[in-house]
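This is run05.pdb. It holds PDB, C-alpha atoms, pLDDT in the B column.
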ATOM      1  CA  MET A   1     168.464  26.058 137.423  1.00 50.00           C
ATOM      2  CA  THR A   2     167.469  28.406 134.617  1.00 50.00           C
ATOM      3  CA  LEU A   3     168.268  32.099 134.403  1.00 42.00           C
ATOM      4  CA  GLU A   4     164.607  32.924 135.036  1.00 45.00           C
ATOM      5  CA  GLU A   5     164.647  30.850 138.223  1.00 48.00           C
ATOM      6  CA  VAL A   6     167.847  32.515 139.474  1.00 44.00           C
ATOM      7  CA  VAL A   7     166.654  36.040 138.675  1.00 43.00           C
ATOM      8  CA  GLY A   8     163.162  35.246 140.021  1.00 48.00           C
ATOM      9  CA  CYS A   9     164.607  33.957 143.322  1.00 51.00           C
ATOM     10  CA  ASP A  10     166.727  37.098 143.713  1.00 51.00           C
ATOM     11  CA  ILE A  11     163.765  39.391 143.042  1.00 51.00           C
ATOM     12  CA  THR A  12     161.571  37.391 145.431  1.00 64.00           C
ATOM     13  CA  ASP A  13     164.229  37.551 148.173  1.00 67.00           C
ATOM     14  CA  LYS A  14     164.555  41.328 147.780  1.00 70.00           C
ATOM     15  CA  LYS A  15     160.760  41.727 147.813  1.00 73.00           C
ATOM     16  CA  MET A  16     160.477  39.619 150.978  1.00 76.00           C
ATOM     17  CA  GLU A  17     163.202  41.669 152.675  1.00 84.00           C
ATOM     18  CA  THR A  18     161.485  44.929 151.694  1.00 86.00           C
ATOM     19  CA  VAL A  19     158.114  43.701 152.965  1.00 90.00           C
ATOM     20  CA  SER A  20     159.710  42.430 156.204  1.00 90.00           C
ATOM     21  CA  GLN A  21     161.221  45.861 156.826  1.00 91.00           C
ATOM     22  CA  ALA A  22     157.903  47.526 155.991  1.00 91.00           C
ATOM     23  CA  LEU A  23     156.106  45.210 158.421  1.00 93.00           C
ATOM     24  CA  GLU A  24     158.538  46.099 161.199  1.00 92.00           C
ATOM     25  CA  GLU A  25     158.097  49.831 160.479  1.00 91.00           C
ATOM     26  CA  LEU A  26     154.319  49.396 160.460  1.00 92.00           C
ATOM     27  CA  LEU A  27     154.335  47.584 163.814  1.00 93.00           C
ATOM     28  CA  VAL A  28     156.454  50.290 165.446  1.00 91.00           C
ATOM     29  CA  ALA A  29     154.263  53.085 164.018  1.00 88.00           C
ATOM     30  CA  ALA A  30     151.046  51.317 165.035  1.00 90.00           C
ATOM     31  CA  GLN A  31     152.378  50.678 168.530  1.00 91.00           C
ATOM     32  CA  ARG A  32     153.250  54.381 168.922  1.00 89.00           C
ATOM     33  CA  GLN A  33     149.676  55.279 167.943  1.00 88.00           C
ATOM     34  CA  ASP A  34     148.209  52.598 170.224  1.00 89.00           C
ATOM     35  CA  CYS A  35     146.757  50.730 167.232  1.00 91.00           C
ATOM     36  CA  LEU A  36     148.069  47.248 168.077  1.00 93.00           C
ATOM     37  CA  THR A  37     146.231  44.399 169.696  1.00 94.00           C
ATOM     38  CA  VAL A  38     148.540  41.629 170.850  1.00 94.00           C
ATOM     39  CA  GLY A  39     147.388  38.104 171.726  1.00 92.00           C
ATOM     40  CA  VAL A  40     145.072  35.498 170.255  1.00 91.00           C
ATOM     41  CA  TYR A  41     142.219  36.051 172.713  1.00 91.00           C
ATOM     42  CA  GLU A  42     142.515  39.843 172.730  1.00 93.00           C
ATOM     43  CA  SER A  43     142.506  39.839 168.917  1.00 92.00           C
ATOM     44  CA  ALA A  44     139.437  37.617 168.751  1.00 90.00           C
ATOM     45  CA  LYS A  45     137.622  39.951 171.149  1.00 92.00           C
ATOM     46  CA  LEU A  46     138.459  43.047 169.070  1.00 92.00           C
ATOM     47  CA  MET A  47     137.431  41.402 165.804  1.00 90.00           C
ATOM     48  CA  ASN A  48     134.136  40.370 167.378  1.00 90.00           C
ATOM     49  CA  VAL A  49     133.424  43.907 168.616  1.00 92.00           C
ATOM     50  CA  ASP A  50     134.891  46.088 165.834  1.00 90.00           C
ATOM     51  CA  PRO A  51     136.091  44.148 162.755  1.00 90.00           C
ATOM     52  CA  ASP A  52     135.871  47.252 160.530  1.00 90.00           C
ATOM     53  CA  SER A  53     138.731  48.929 162.381  1.00 90.00           C
ATOM     54  CA  VAL A  54     141.188  46.063 161.702  1.00 93.00           C
ATOM     55  CA  VAL A  55     143.458  46.538 158.669  1.00 93.00           C
ATOM     56  CA  LEU A  56     145.945  43.683 159.160  1.00 94.00           C
ATOM     57  CA  CYS A  57     146.074  40.400 161.054  1.00 95.00           C
ATOM     58  CA  ILE A  58     149.516  38.904 161.692  1.00 95.00           C
ATOM     59  CA  LEU A  59     149.662  35.245 162.692  1.00 94.00           C
ATOM     60  CA  ALA A  60     153.106  34.328 164.004  1.00 93.00           C
ATOM     61  CA  THR A  61     154.601  30.916 164.717  1.00 89.00           C
ATOM     62  CA  ASP A  62     157.953  29.270 165.018  1.00 88.00           C
ATOM     63  CA  GLU A  63     158.824  25.636 164.377  1.00 87.00           C
ATOM     64  CA  GLU A  64     158.025  24.615 167.948  1.00 86.00           C
ATOM     65  CA  ASP A  65     154.466  25.956 167.534  1.00 86.00           C
ATOM     66  CA  GLU A  66     153.637  23.841 164.477  1.00 84.00           C
ATOM     67  CA  ASP A  67     152.413  20.944 166.655  1.00 88.00           C
ATOM     68  CA  ASP A  68     150.234  23.133 168.890  1.00 90.00           C
ATOM     69  CA  ILE A  69     146.780  21.979 167.782  1.00 93.00           C
ATOM     70  CA  ALA A  70     144.888  24.575 169.843  1.00 92.00           C
ATOM     71  CA  LEU A  71     146.917  27.398 168.297  1.00 91.00           C
ATOM     72  CA  GLN A  72     146.356  26.026 164.787  1.00 92.00           C
ATOM     73  CA  ILE A  73     142.586  25.865 165.433  1.00 93.00           C
ATOM     74  CA  HIS A  74     142.620  29.491 166.619  1.00 91.00           C
ATOM     75  CA  PHE A  75     144.569  30.477 163.502  1.00 92.00           C
ATOM     76  CA  THR A  76     142.083  28.696 161.243  1.00 92.00           C
ATOM     77  CA  LEU A  77     139.167  30.513 162.871  1.00 92.00           C
ATOM     78  CA  LEU A  78     140.951  33.884 162.747  1.00 92.00           C
ATOM     79  CA  GLN A  79     141.852  33.365 159.072  1.00 92.00           C
ATOM     80  CA  ALA A  80     138.247  32.507 158.207  1.00 92.00           C
ATOM     81  CA  PHE A  81     136.988  35.589 160.016  1.00 92.00           C
ATOM     82  CA  CYS A  82     139.572  37.796 158.263  1.00 92.00           C
ATOM     83  CA  CYS A  83     138.641  36.407 154.839  1.00 90.00           C
ATOM     84  CA  GLU A  84     134.965  37.015 155.550  1.00 91.00           C
ATOM     85  CA  ASN A  85     135.633  40.613 156.590  1.00 91.00           C
ATOM     86  CA  ASP A  86     138.248  41.516 153.928  1.00 90.00           C
ATOM     87  CA  ILE A  87     141.069  41.882 156.455  1.00 92.00           C
ATOM     88  CA  ASN A  88     144.597  41.312 155.152  1.00 93.00           C
ATOM     89  CA  ILE A  89     146.299  38.321 156.784  1.00 94.00           C
ATOM     90  CA  LEU A  90     150.010  37.634 157.006  1.00 94.00           C
ATOM     91  CA  ARG A  91     151.690  34.495 158.394  1.00 93.00           C
ATOM     92  CA  VAL A  92     155.048  35.269 159.977  1.00 93.00           C
ATOM     93  CA  SER A  93     157.833  33.263 161.529  1.00 91.00           C
ATOM     94  CA  GLY A  94     160.197  34.854 164.011  1.00 87.00           C
ATOM     95  CA  LEU A  95     158.456  35.415 167.339  1.00 89.00           C
ATOM     96  CA  ARG A  96     161.729  36.526 168.934  1.00 88.00           C
ATOM     97  CA  ARG A  97     162.158  39.200 166.263  1.00 90.00           C
ATOM     98  CA  LEU A  98     158.566  40.397 166.809  1.00 91.00           C
ATOM     99  CA  ALA A  99     159.315  40.756 170.524  1.00 89.00           C
ATOM    100  CA  GLN A 100     162.443  42.774 169.691  1.00 90.00           C
ATOM    101  CA  VAL A 101     160.582  45.038 167.271  1.00 91.00           C
ATOM    102  CA  LEU A 102     157.834  45.666 169.818  1.00 90.00           C
ATOM    103  CA  GLU A 103     160.427  46.099 172.581  1.00 83.00           C
ATOM    104  CA  GLU A 104     159.115  43.351 174.820  1.00 70.00           C
ATOM    105  CA  PRO A 105     161.207  43.455 178.007  1.00 60.00           C
ATOM    106  CA  SER A 106     162.797  40.212 179.110  1.00 54.00           C
ATOM    107  CA  THR A 107     161.013  38.313 181.874  1.00 46.00           C
ATOM    108  CA  VAL A 108     163.791  39.238 184.317  1.00 47.00           C
ATOM    109  CA  GLU A 109     163.227  42.962 183.688  1.00 54.00           C
ATOM    110  CA  ASN A 110     159.470  42.429 183.747  1.00 52.00           C
ATOM    111  CA  ASN A 111     159.476  40.993 187.309  1.00 57.00           C
ATOM    112  CA  ASN A 112     158.943  37.481 185.944  1.00 56.00           C
ATOM    113  CA  SER A 113     155.436  38.343 184.741  1.00 66.00           C
ATOM    114  CA  GLU A 114     153.912  36.461 181.840  1.00 72.00           C
ATOM    115  CA  PRO A 115     155.339  37.553 178.452  1.00 76.00           C
ATOM    116  CA  ARG A 116     152.875  38.860 175.878  1.00 83.00           C
ATOM    117  CA  ASP A 117     151.470  36.412 173.343  1.00 87.00           C
ATOM    118  CA  PHE A 118     152.820  37.476 169.939  1.00 92.00           C
ATOM    119  CA  HIS A 119     151.085  34.644 168.059  1.00 93.00           C
ATOM    120  CA  CYS A 120     148.415  37.045 166.845  1.00 94.00           C
ATOM    121  CA  ILE A 121     148.795  40.782 166.317  1.00 95.00           C
ATOM    122  CA  LEU A 122     146.141  43.064 164.877  1.00 95.00           C
ATOM    123  CA  VAL A 123     146.845  46.462 163.366  1.00 94.00           C
ATOM    124  CA  SER A 124     143.776  48.679 163.517  1.00 92.00           C
ATOM    125  CA  ASN A 125     142.861  52.160 162.413  1.00 84.00           C
ATOM    126  CA  PRO A 126     142.197  54.707 165.136  1.00 70.00           C
ATOM    127  CA  GLN A 127     138.687  56.121 164.996  1.00 60.00           C
ATOM    128  CA  CYS A 128     139.698  59.789 164.796  1.00 55.00           C
ATOM    129  CA  GLN A 129     142.596  59.682 162.300  1.00 58.00           C
ATOM    130  CA  PRO A 130     143.154  56.655 160.031  1.00 59.00           C
ATOM    131  CA  LEU A 131     146.597  55.082 160.056  1.00 61.00           C
ATOM    132  CA  LYS A 132     148.352  56.233 156.874  1.00 68.00           C
ATOM    133  CA  CYS A 133     151.905  55.193 156.187  1.00 79.00           C
ATOM    134  CA  GLN A 134     153.917  53.808 153.307  1.00 86.00           C
ATOM    135  CA  ALA A 135     154.689  50.645 155.283  1.00 87.00           C
ATOM    136  CA  LEU A 136     150.978  49.775 155.535  1.00 87.00           C
ATOM    137  CA  LYS A 137     150.617  50.271 151.776  1.00 89.00           C
ATOM    138  CA  GLU A 138     153.612  48.015 151.064  1.00 91.00           C
ATOM    139  CA  VAL A 139     152.345  45.227 153.304  1.00 91.00           C
ATOM    140  CA  GLY A 140     148.836  45.593 151.849  1.00 90.00           C
ATOM    141  CA  ASN A 141     150.215  45.423 148.300  1.00 91.00           C
ATOM    142  CA  TYR A 142     152.161  42.274 149.195  1.00 91.00           C
ATOM    143  CA  CYS A 143     148.962  40.673 150.514  1.00 91.00           C
ATOM    144  CA  ASP A 144     147.063  41.730 147.366  1.00 90.00           C
ATOM    145  CA  GLU A 145     149.787  40.363 145.063  1.00 90.00           C
ATOM    146  CA  SER A 146     149.800  37.074 146.962  1.00 88.00           C
ATOM    147  CA  ARG A 147     146.031  36.722 146.605  1.00 86.00           C
ATOM    148  CA  CYS A 148     146.393  37.308 142.849  1.00 87.00           C
ATOM    149  CA  LYS A 149     148.765  34.323 142.827  1.00 86.00           C
ATOM    150  CA  ASN A 150     146.187  32.237 144.772  1.00 83.00           C
ATOM    151  CA  GLN A 151     148.247  32.388 147.945  1.00 83.00           C
ATOM    152  CA  TRP A 152     145.502  33.522 150.297  1.00 80.00           C
ATOM    153  CA  VAL A 153     147.654  33.738 153.410  1.00 86.00           C
ATOM    154  CA  PRO A 154     151.093  35.081 152.445  1.00 88.00           C
ATOM    155  CA  TYR A 155     154.126  34.113 154.499  1.00 88.00           C
ATOM    156  CA  LEU A 156     157.089  36.171 155.722  1.00 88.00           C
ATOM    157  CA  SER A 157     160.129  35.146 157.711  1.00 87.00           C
ATOM    158  CA  LEU A 158     161.452  37.857 160.017  1.00 84.00           C
ATOM    159  CA  GLN A 159     165.221  37.655 160.397  1.00 77.00           C
ATOM    160  CA  GLU A 160     167.103  38.293 163.635  1.00 75.00           C
ATOM    161  CA  ARG A 161     169.257  41.396 163.556  1.00 67.00           C
TER     162      ARG A 161
END

In structure tokens, write the structure found in this file.
Amino acid sequence: MTLEEVVGCDITDKKMETVSQALEELLVAAQRQDCLTVGVYESAKLMNVDPDSVVLCILATDEEDEDDIALQIHFTLLQAFCCENDINILRVSGLRRLAQVLEEPSTVENNNSEPRDFHCILVSNPQCQPLKCQALKEVGNYCDESRCKNQWVPYLSLQER
């Protein structure tokens, strides 16, 4: 391994960690302002009705979801729609971490009701006051930088804490 590869890996790891933290901050802030749409079908409905309000689409999977053909088809369609409408897209692994960040109660606490589907999460701008936070800028910059490197759908791995 060359020095450039070692230094480059370290910088990339730090950047990924910073963007992961920014994404978590953004999700918490958006949830507080009621600017999150959670679920593949709910997200598709919102993008069909009001695509201009969506600022970020998060597609989340874990290893066990890789063989789910229906989910992959939904992701392909959502990605195409986002590209067509200039919506930033981010692929994420770590569904359990997403549930922790968004404070999803366990099924025991939730009276055994169906857990929310975190495979697709949309962050949207409220109509009256646009969502403005540093975390949104950081995640948006990461998406822009990735597109400049011809990585159209950037990937992040959320770590358990």

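Picture a line from CA of Gly140 in chain A to CA of Val123 in chain A; it runs 11.7 Å.
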
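Proximity ranking of A:Glu24, A:Arg96, A:Leu102, A:Lys45 relative to Phe81 in chain A places A:Lys45 first, based on only C-alpha atoms.
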
Got a sec to resolve the PyMOL selection byres ((chain A and resi 43) around 10) on this structure and send the residues as a ChimeraX atom specification? /A:36-42,44-49,51,54,57,78,120-123

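Those residues returned by the PyMOL selection byres ((chain A and resi 93) around 6) for this file are Ala60, Thr61, Asp62, Val92, Gly94 and Ser157 of chain A.
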
Target residues per the PyMOL selection byres ((chain A and resi 79) around 12), formatted as a ChimeraX atom specification: /A:40,43-44,47,56-59,72-78,80-91,120,152-154

Please produce an output containing C-alpha atoms for each residue in the selection, written as a PDB file, keeping the file's coordinate frame.
ATOM      1  CA  VAL A  40     145.072  35.498 170.255  1.00 91.00           C
ATOM      2  CA  SER A  43     142.506  39.839 168.917  1.00 92.00           C
ATOM      3  CA  ALA A  44     139.437  37.617 168.751  1.00 90.00           C
ATOM      4  CA  MET A  47     137.431  41.402 165.804  1.00 90.00           C
ATOM      5  CA  LEU A  56     145.945  43.683 159.160  1.00 94.00           C
ATOM      6  CA  CYS A  57     146.074  40.400 161.054  1.00 95.00           C
ATOM      7  CA  ILE A  58     149.516  38.904 161.692  1.00 95.00           C
ATOM      8  CA  LEU A  59     149.662  35.245 162.692  1.00 94.00           C
ATOM      9  CA  GLN A  72     146.356  26.026 164.787  1.00 92.00           C
ATOM     10  CA  ILE A  73     142.586  25.865 165.433  1.00 93.00           C
ATOM     11  CA  HIS A  74     142.620  29.491 166.619  1.00 91.00           C
ATOM     12  CA  PHE A  75     144.569  30.477 163.502  1.00 92.00           C
ATOM     13  CA  THR A  76     142.083  28.696 161.243  1.00 92.00           C
ATOM     14  CA  LEU A  77     139.167  30.513 162.871  1.00 92.00           C
ATOM     15  CA  LEU A  78     140.951  33.884 162.747  1.00 92.00           C
ATOM     16  CA  ALA A  80     138.247  32.507 158.207  1.00 92.00           C
ATOM     17  CA  PHE A  81     136.988  35.589 160.016  1.00 92.00           C
ATOM     18  CA  CYS A  82     139.572  37.796 158.263  1.00 92.00           C
ATOM     19  CA  CYS A  83     138.641  36.407 154.839  1.00 90.00           C
ATOM     20  CA  GLU A  84     134.965  37.015 155.550  1.00 91.00           C
ATOM     21  CA  ASN A  85     135.633  40.613 156.590  1.00 91.00           C
ATOM     22  CA  ASP A  86     138.248  41.516 153.928  1.00 90.00           C
ATOM     23  CA  ILE A  87     141.069  41.882 156.455  1.00 92.00           C
ATOM     24  CA  ASN A  88     144.597  41.312 155.152  1.00 93.00           C
ATOM     25  CA  ILE A  89     146.299  38.321 156.784  1.00 94.00           C
ATOM     26  CA  LEU A  90     150.010  37.634 157.006  1.00 94.00           C
ATOM     27  CA  ARG A  91     151.690  34.495 158.394  1.00 93.00           C
ATOM     28  CA  CYS A 120     148.415  37.045 166.845  1.00 94.00           C
ATOM     29  CA  TRP A 152     145.502  33.522 150.297  1.00 80.00           C
ATOM     30  CA  VAL A 153     147.654  33.738 153.410  1.00 86.00           C
ATOM     31  CA  PRO A 154     151.093  35.081 152.445  1.00 88.00           C
TER      32      PRO A 154
END

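Computed from the coordinates, the CA of Arg116 in chain A to CA of Arg97 in chain A distance equals 13.4 Å.
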
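One finds CA of Leu27 in chain A at 7.6 Å from CA of Val101 in chain A.
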
Find the residues near Cys133 in chain A: any atom within 10 Å, counting all atoms listed in the file, skip ones fewer than 2 places away on the same chain, and give them as a CSV table (one decimal) with C-alpha atoms, in the frame of the given file.
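Now in part_1.csv:
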chain,number,residue,atom,x,y,z
A,22,ALA,CA,157.9,47.5,156.0
A,25,GLU,CA,158.1,49.8,160.5
A,26,LEU,CA,154.3,49.4,160.5
A,29,ALA,CA,154.3,53.1,164.0
A,30,ALA,CA,151.0,51.3,165.0
A,130,PRO,CA,143.2,56.7,160.0
A,131,LEU,CA,146.6,55.1,160.1
A,135,ALA,CA,154.7,50.6,155.3
A,136,LEU,CA,151.0,49.8,155.5
A,137,LYS,CA,150.6,50.3,151.8
A,138,GLU,CA,153.6,48.0,151.1

Which centre and edge lengths in Å to one decimal define the box along x, y and z that fits every listed atom of range 21-34 of chain A plus 5 Å per side, as lines of an AutoDock Vina configuration file?
center_x = 154.7
center_y = 50.2
center_z = 163.1
size_x = 23.0
size_y = 20.1
size_z = 24.2
